[in-house]
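Enquirer: Take this structure first; my questions come after.
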Amino acid sequence: MKNLLIYSILLAFMVGCNFQKENPREIVLLDKGWKFINSEVEGAQNPEYKADSWEEVSVPHDWAILGEFHEDNDVIMATVIEDGERVPQKRTGRTGGLPHVGVGWYRKTIDIPASWENKAVHIEFDGAMSHAQVYFNGEFVGEWPYGYASFGFNLTEKIKAGKENILAVRLENKPASSRWYPGAGIYRNVRLVTTNPIHVKQWGTYITTPEIQNGKGLVEMATTILGNGEPAEVAVLTEVINKKGIVVGKASSKTKIKGETTVKHKLKIEKPKLWSVEKPIMYTVVTKIYKDDQVIDEYHTPFGFRYFEFTNDNGFFLNGERVPLKGVCLHHDLGPLGAAVNKSALRHRMNLLKEMGCNSIRTSHNPPTPEMLDLADEMGFLVIDEAFDEWKLGKCDNGYHTLWDKWAEKDLVAFIHRDRNHPSVIMWSLGNEIREQGSLEGAEVCQFLNDIVKREDPTRPTTAGFNNWTRAISNGLADIVDVPGWNYKPQHYNFINKNHPEWKMYGAETASTVSSRGEYFFPAEEKVHYTREPYHCSSFDNEFPRWATSPDREWVAQDSFKYMAGEYVWTGFDYLGEPTPYNVQWPSRSSYFGIIDLCGIPKDRFYLYQSRWTNKEVLHLLPHWNWESGQNVSVHCYTSFDKGELFLNGKSLGIKEKDPSNLYTTYRLVWDNITFEPGELKVVALDETNQPIKETVKVTAGEPAKIILEADRQEAKANGKEMVFVTVSVLDKDGNICPKADNLVNFDVEGAGILRAVGNGDPTSLESFVKPFRKAFNGKCMAIIQTSEEAGEILLKAESVGLEPAQINIKTAM
């Protein structure tokens, strides 16, 4: 009764307040007008330093993606134990062959209004690669070395209100510090946040939904508020708002603020709508702080209602329903766009993953950009949020182990506080293939991290990706995490389960099949760590490194053992660096692992996963049908159907059914030893009575004759940041794709946009990503268009010598 009285008084107090229409919290995105130089500069942090000659850039910015490929860029002599190596090798393309090593300085002039004189001012970085040192008006503000971490600093005592202020940031990428392309620069967003002296701390809200049952949801809210050191009484109001903007629950309390104070509220919500993969319904908590009849701060936190469980006998459950994890691992680069984050490019990638049937992402092997988690919440992806690739024992000379003692806890806490309100996040991954698996001290380090996670967020399980499974078990690491994840161990799942039936398990990294889009080699047989000139891997999806396997072998294990929660394929997209199996063969400079190539064009494997992960009618025939007369050819069909008949120029080559007695006929239809003759190759899907259901064809293409352009959408936002992906195809005169075409295509853009990048998915190409031309790779390439801030039309023209040109119009609107 007493609590009810206090609550009623507070509500009456707030009804009488003079509510402000504008949020007193002001957020200023620092994206334009930066000056940049890619070298060490003495005194660059000083306000009097003249940076007029520096390059003007916008942030997010990746300085290395604009550079030229060279085999000497971050060349590394290394013994990669994880790849089964025992002697050091010279790895030329391990980090992408781009000039990311070195020092970069950024400066920005900021006009601080006089009205900020008595405000609290903070700067927030979503990520800066790497070893960031931040200066404001010549004074050192702070540092944060981990390039994947988000961080912030208090500028309140350093600002000059009503005057020009100088922000300077020094970054340094050290050689031999990464196993893949890290990017370089202020590659994520930066903002100034201005508040009243009493305000909600950065990432200062923590929302949990401990009870969701009987048509009601309990929301527990902890809000950390910062004061200015002077005692003050404030009222804190917490409102839960649904997607229609309707307040569906509220709670409030009075409290005294001096330094840092945490206020806790509980709210019961009637009939909350659950967040799920199919219907990712979001809510927002709005926190308002009142003082002297005024709202002095307002803080918005998106969240969702959902509950989940990993079981030791039946996999993963979301909201009471079994949901197999159909996941991919993703590195952070955006292919031709580099590491500089772009939300529309991320959305484009995640749309492709959704189309394939993917429902989960593992953020390999580091904290992702916040935009990715926002999109996961919005689009319905489950996320394993990963913190580290190294602990105390290093993999790279200048890797994270050099930061461990001072920064591990700081980085982990910042990571959890930033991400713990996202309903998409289902597990915290402590690390990937950490070398402590083989150390007697490994369990102590693992326990240290696990304890931090349980202290900061006890609502989610912990995990790690273990590749050294025997040592991870014998040294106790697998017992510490809640859900051990196994990297490339389908042949051992059953043994592990029999010895540890209480464990909940999943494939943290699976397959690692390698392929080059549109490259086929005969016979189509399984090959392990096989290399050939011209440094390509077969698109029959049966080649893989010595520690990996094919999709088919992983699926046999997943289907055999119901206790497995699912898998995370390495990887959803090709990425810059790690060109396995061509680690020592230049010019290979990007991975072959992706289901989708580096520029975003699906490989054949896309349809193999789509046939398993969706309910779509999938019928995908490979290879192309341009070979030498009389050549012996293998034909595969990736399909959701169980049976199909193959025809060559109208003649039946036989009916095939999926056959589990052979690994490579369990999930695909296979016709071997077909004698090539030009014409039409057709596969017809059949029902149980051999009646046709669906068909698809491949035809022998003639000489390249014309270009066609296909944009991922016809309209885009005129915000200066939206990306439109235009696939360029080379066709013969009859409109058939020319599967080996490598014509040089020149681009020209007019109107309300620019050509931002080009690519073709060839992991051996040394062509620039930013020049206005690109060779087709096996008949295709990609042009990426960026809109301007003015509404209108973008005209993209594509020309190639001897080919009929093409053009496409894209409308932009505010």
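In the structure tokens, each chain is lettered A, B, ... as it comes, each chain's residues begin at 1, and ligands are numbered from 1 in order of appearance.
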With a distance cut-off of 8 Å and only C-alpha atoms, select the neighbouring residues of range 719-733 of chain A, excluding the residue or stretch itself and same-chain residues fewer than 3 positions from it, and output the selection as a compact mmCIF listing (two decimals) with N, CA, C and O atoms, in the first residue's frame.
Expert:
# COMPACT_ATOMS: atom_id res chain seq x y z
N ASN A 342 28.69 0.39 -42.99
CA ASN A 342 27.60 1.03 -43.71
C ASN A 342 26.35 0.20 -43.48
O ASN A 342 26.30 -0.98 -43.83
N LYS A 343 25.35 0.80 -42.88
CA LYS A 343 24.18 0.04 -42.46
C LYS A 343 23.41 -0.53 -43.64
O LYS A 343 22.92 -1.67 -43.58
N SER A 344 23.31 0.21 -44.73
CA SER A 344 22.56 -0.31 -45.87
C SER A 344 23.29 -1.47 -46.51
O SER A 344 22.67 -2.41 -47.03
N ALA A 345 24.62 -1.46 -46.50
CA ALA A 345 25.39 -2.59 -47.03
C ALA A 345 25.22 -3.81 -46.13
O ALA A 345 25.11 -4.95 -46.61
N ILE A 601 27.87 -11.80 -54.67
CA ILE A 601 27.20 -12.66 -55.64
C ILE A 601 27.19 -14.08 -55.08
O ILE A 601 28.23 -14.63 -54.74
N ALA A 701 26.48 -21.09 -74.07
CA ALA A 701 26.44 -19.68 -74.47
C ALA A 701 27.37 -19.43 -75.65
O ALA A 701 28.39 -20.11 -75.82
N GLY A 702 26.99 -18.44 -76.44
CA GLY A 702 27.84 -18.00 -77.54
C GLY A 702 28.85 -16.97 -77.07
O GLY A 702 29.12 -16.83 -75.87
N GLU A 703 29.39 -16.20 -78.01
CA GLU A 703 30.38 -15.18 -77.68
C GLU A 703 29.72 -14.02 -76.94
O GLU A 703 28.54 -13.70 -77.16
N PRO A 704 30.46 -13.37 -76.03
CA PRO A 704 29.91 -12.20 -75.33
C PRO A 704 29.44 -11.14 -76.31
O PRO A 704 30.14 -10.82 -77.28
N ALA A 705 28.21 -10.62 -76.06
CA ALA A 705 27.63 -9.65 -76.98
C ALA A 705 27.08 -8.42 -76.29
O ALA A 705 27.04 -7.34 -76.89
N LYS A 706 26.67 -8.55 -75.01
CA LYS A 706 26.03 -7.39 -74.37
C LYS A 706 26.15 -7.49 -72.85
O LYS A 706 26.50 -8.53 -72.28
N ILE A 707 25.81 -6.38 -72.23
CA ILE A 707 25.82 -6.26 -70.78
C ILE A 707 24.40 -6.05 -70.29
O ILE A 707 23.61 -5.36 -70.95
N ILE A 708 24.07 -6.65 -69.16
CA ILE A 708 22.83 -6.27 -68.48
C ILE A 708 23.16 -5.87 -67.04
O ILE A 708 24.13 -6.35 -66.45
N LEU A 709 22.34 -4.97 -66.50
CA LEU A 709 22.51 -4.47 -65.15
C LEU A 709 21.27 -4.78 -64.34
O LEU A 709 20.15 -4.55 -64.79
N GLU A 710 21.47 -5.30 -63.12
CA GLU A 710 20.36 -5.61 -62.22
C GLU A 710 20.67 -5.03 -60.85
O GLU A 710 21.63 -5.45 -60.19
N ALA A 711 19.86 -4.06 -60.41
CA ALA A 711 20.05 -3.43 -59.11
C ALA A 711 19.26 -4.17 -58.04
O ALA A 711 18.19 -4.73 -58.32
N ASP A 712 19.79 -4.16 -56.82
CA ASP A 712 19.07 -4.84 -55.74
C ASP A 712 17.80 -4.10 -55.37
O ASP A 712 16.92 -4.66 -54.70
N ARG A 713 17.64 -2.84 -55.81
CA ARG A 713 16.38 -2.10 -55.64
C ARG A 713 16.37 -0.93 -56.60
O ARG A 713 17.43 -0.48 -57.05
N ALA A 716 16.09 4.37 -53.52
CA ALA A 716 16.96 4.40 -52.34
C ALA A 716 16.84 5.77 -51.66
O ALA A 716 16.38 6.74 -52.25
N ASN A 736 21.99 -15.34 -72.94
CA ASN A 736 22.56 -16.36 -72.05
C ASN A 736 23.82 -15.84 -71.38
O ASN A 736 24.65 -15.19 -72.03
N ILE A 737 23.98 -16.14 -70.09
CA ILE A 737 25.17 -15.72 -69.37
C ILE A 737 26.39 -16.39 -69.99
O ILE A 737 26.37 -17.59 -70.31
N CYS A 738 27.45 -15.63 -70.20
CA CYS A 738 28.71 -16.16 -70.72
C CYS A 738 29.58 -16.55 -69.53
O CYS A 738 30.17 -15.68 -68.87
N ALA A 741 33.32 -15.29 -69.26
CA ALA A 741 33.62 -13.94 -69.73
C ALA A 741 34.43 -13.16 -68.71
O ALA A 741 34.13 -13.20 -67.51
N ASN A 743 35.49 -9.78 -69.64
CA ASN A 743 35.56 -8.46 -70.28
C ASN A 743 35.75 -7.35 -69.25
O ASN A 743 35.17 -7.39 -68.17
N GLY A 753 24.25 10.56 -57.19
CA GLY A 753 25.02 9.51 -56.54
C GLY A 753 26.41 9.41 -57.11
O GLY A 753 26.77 10.12 -58.07
N ALA A 776 35.00 -8.61 -65.59
CA ALA A 776 34.06 -9.63 -65.15
C ALA A 776 34.84 -10.87 -64.72
O ALA A 776 35.91 -11.16 -65.28
N GLY A 779 31.83 -14.14 -65.92
CA GLY A 779 30.60 -13.56 -66.46
C GLY A 779 29.94 -12.48 -65.65
O GLY A 779 28.96 -11.88 -66.10
N LYS A 780 30.47 -12.19 -64.44
CA LYS A 780 29.78 -11.22 -63.58
C LYS A 780 30.78 -10.32 -62.84
O LYS A 780 31.91 -10.72 -62.56
N CYS A 781 30.30 -9.14 -62.51
CA CYS A 781 30.99 -8.25 -61.57
C CYS A 781 29.94 -7.38 -60.88
O CYS A 781 28.74 -7.53 -61.13
N MET A 782 30.40 -6.49 -60.02
CA MET A 782 29.47 -5.70 -59.19
C MET A 782 29.91 -4.24 -59.17
O MET A 782 31.10 -3.93 -59.03
N ALA A 783 28.92 -3.35 -59.30
CA ALA A 783 29.14 -1.92 -59.08
C ALA A 783 28.29 -1.50 -57.89
O ALA A 783 27.10 -1.84 -57.81
N ILE A 784 28.90 -0.78 -56.95
CA ILE A 784 28.20 -0.34 -55.74
C ILE A 784 28.06 1.18 -55.80
O ILE A 784 29.05 1.90 -55.87
N ILE A 785 26.82 1.63 -55.79
CA ILE A 785 26.49 3.05 -55.94
C ILE A 785 26.11 3.62 -54.58
O ILE A 785 25.36 3.00 -53.82
N GLN A 786 26.61 4.81 -54.28
CA GLN A 786 26.26 5.51 -53.04
C GLN A 786 25.44 6.74 -53.38
O GLN A 786 25.80 7.53 -54.25
N THR A 787 24.31 6.90 -52.71
CA THR A 787 23.44 8.04 -52.99
C THR A 787 24.05 9.33 -52.45
O THR A 787 24.87 9.31 -51.53
N SER A 788 23.61 10.45 -53.01
CA SER A 788 23.97 11.76 -52.47
C SER A 788 22.87 12.20 -51.49
O SER A 788 21.94 11.44 -51.20
N GLU A 789 22.97 13.41 -50.99
CA GLU A 789 21.97 13.93 -50.07
C GLU A 789 20.88 14.71 -50.79
O GLU A 789 20.03 15.32 -50.15
N GLU A 790 20.90 14.67 -52.11
CA GLU A 790 19.87 15.34 -52.89
C GLU A 790 19.00 14.31 -53.60
O GLU A 790 19.49 13.38 -54.23
N MET A 814 14.09 11.65 -50.27
CA MET A 814 14.42 11.97 -48.90
C MET A 814 13.65 11.05 -47.95
O MET A 814 12.58 10.58 -48.25
Enquirer: Counting only C-alpha atoms, what is within 9 Å of Thr223 in chain A, bar same-chain residues fewer than 3 positions away, as an MDAnalysis selection string?
Expert: chainID A and resid 200:201 204:207 261:265 287
Enquirer: Generate the output file for the selected residues, N, CA and C atoms, as a CSV table (one decimal), in the first residue's frame.
Expert:
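Final output, part02.csv:
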chain,number,residue,atom,x,y,z
A,200,VAL,N,21.7,9.7,-17.8
A,200,VAL,CA,21.9,8.2,-17.9
A,200,VAL,C,23.3,8.0,-18.5
A,201,LYS,N,24.0,7.1,-17.8
A,201,LYS,CA,25.4,6.8,-18.3
A,201,LYS,C,25.3,6.1,-19.7
A,204,GLY,N,23.8,2.7,-20.0
A,204,GLY,CA,23.5,2.7,-18.6
A,204,GLY,C,22.2,2.0,-18.3
A,205,THR,N,21.5,1.4,-19.2
A,205,THR,CA,20.3,0.7,-18.9
A,205,THR,C,20.5,-0.8,-19.1
A,206,TYR,N,19.9,-1.6,-18.3
A,206,TYR,CA,20.0,-3.0,-18.3
A,206,TYR,C,18.6,-3.6,-18.1
A,207,ILE,N,18.1,-4.2,-19.2
A,207,ILE,CA,16.7,-4.7,-19.2
A,207,ILE,C,16.7,-6.2,-19.3
A,261,THR,N,24.6,6.4,-9.5
A,261,THR,CA,23.5,5.7,-8.7
A,261,THR,C,22.7,4.8,-9.7
A,262,THR,N,22.3,3.6,-9.2
A,262,THR,CA,21.5,2.7,-10.0
A,262,THR,C,20.1,2.7,-9.5
A,263,VAL,N,19.1,2.9,-10.3
A,263,VAL,CA,17.7,2.9,-10.0
A,263,VAL,C,17.1,1.7,-10.6
A,264,LYS,N,16.3,0.9,-9.9
A,264,LYS,CA,15.7,-0.3,-10.4
A,264,LYS,C,14.2,-0.2,-10.4
A,265,HIS,N,13.6,-0.6,-11.5
A,265,HIS,CA,12.1,-0.7,-11.6
A,265,HIS,C,11.7,-2.1,-12.1
A,287,THR,N,13.5,6.1,-20.7
A,287,THR,CA,13.8,6.5,-19.3
A,287,THR,C,13.9,8.1,-19.3
Enquirer: Select, from A:Asn468, A:Gln89, A:Ser591, A:Thr510, the residue with the minimum atom-to-atom distance to Asp552 in chain A, counting only C-alpha atoms.
Expert: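 Of A:Asn468, A:Gln89, A:Ser591, A:Thr510, the one nearest Asp552 in chain A, counting only C-alpha atoms, is A:Thr510.
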Enquirer: Compile the contact shell of Asp642 in chain A as number ranges by chain: residues with an atom at most 10 Å away, counting only C-alpha atoms, same-chain residues fewer than 6 positions apart removed.
Expert: A: 656-659, 666-669, 685-688
Enquirer: Go ahead and save the residues from that selection, with N, CA and C atoms, as a CSV table (one decimal), in the first residue's frame.
Expert:
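The resulting file, out_18.csv, is reproduced below:
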chain,number,residue,atom,x,y,z
A,656,LYS,N,17.8,-39.7,-61.1
A,656,LYS,CA,18.6,-39.9,-59.9
A,656,LYS,C,17.7,-39.5,-58.7
A,657,GLU,N,18.0,-40.3,-57.6
A,657,GLU,CA,17.4,-39.9,-56.3
A,657,GLU,C,18.4,-39.7,-55.3
A,658,LYS,N,18.1,-38.9,-54.3
A,658,LYS,CA,19.0,-38.7,-53.2
A,658,LYS,C,19.2,-40.1,-52.5
A,659,ASP,N,20.5,-40.4,-52.2
A,659,ASP,CA,20.8,-41.7,-51.7
A,659,ASP,C,21.7,-41.6,-50.6
A,666,THR,N,23.6,-37.9,-50.7
A,666,THR,CA,22.6,-37.8,-49.6
A,666,THR,C,21.8,-36.5,-49.7
A,667,TYR,N,22.4,-35.4,-50.1
A,667,TYR,CA,21.7,-34.1,-50.1
A,667,TYR,C,21.7,-33.5,-51.5
A,668,ARG,N,22.2,-34.2,-52.5
A,668,ARG,CA,22.2,-33.6,-53.8
A,668,ARG,C,22.0,-34.7,-54.8
A,669,LEU,N,21.6,-34.4,-56.0
A,669,LEU,CA,21.5,-35.3,-57.1
A,669,LEU,C,22.8,-35.2,-58.0
A,685,ALA,N,12.6,-31.9,-61.8
A,685,ALA,CA,12.3,-32.4,-60.5
A,685,ALA,C,11.0,-33.3,-60.7
A,686,LEU,N,11.0,-34.5,-60.0
A,686,LEU,CA,9.9,-35.4,-60.2
A,686,LEU,C,9.3,-35.7,-58.8
A,687,ASP,N,8.0,-36.0,-58.8
A,687,ASP,CA,7.4,-36.5,-57.6
A,687,ASP,C,7.5,-38.0,-57.5
A,688,GLU,N,6.8,-38.5,-56.5
A,688,GLU,CA,6.9,-40.0,-56.2
A,688,GLU,C,6.5,-40.9,-57.4
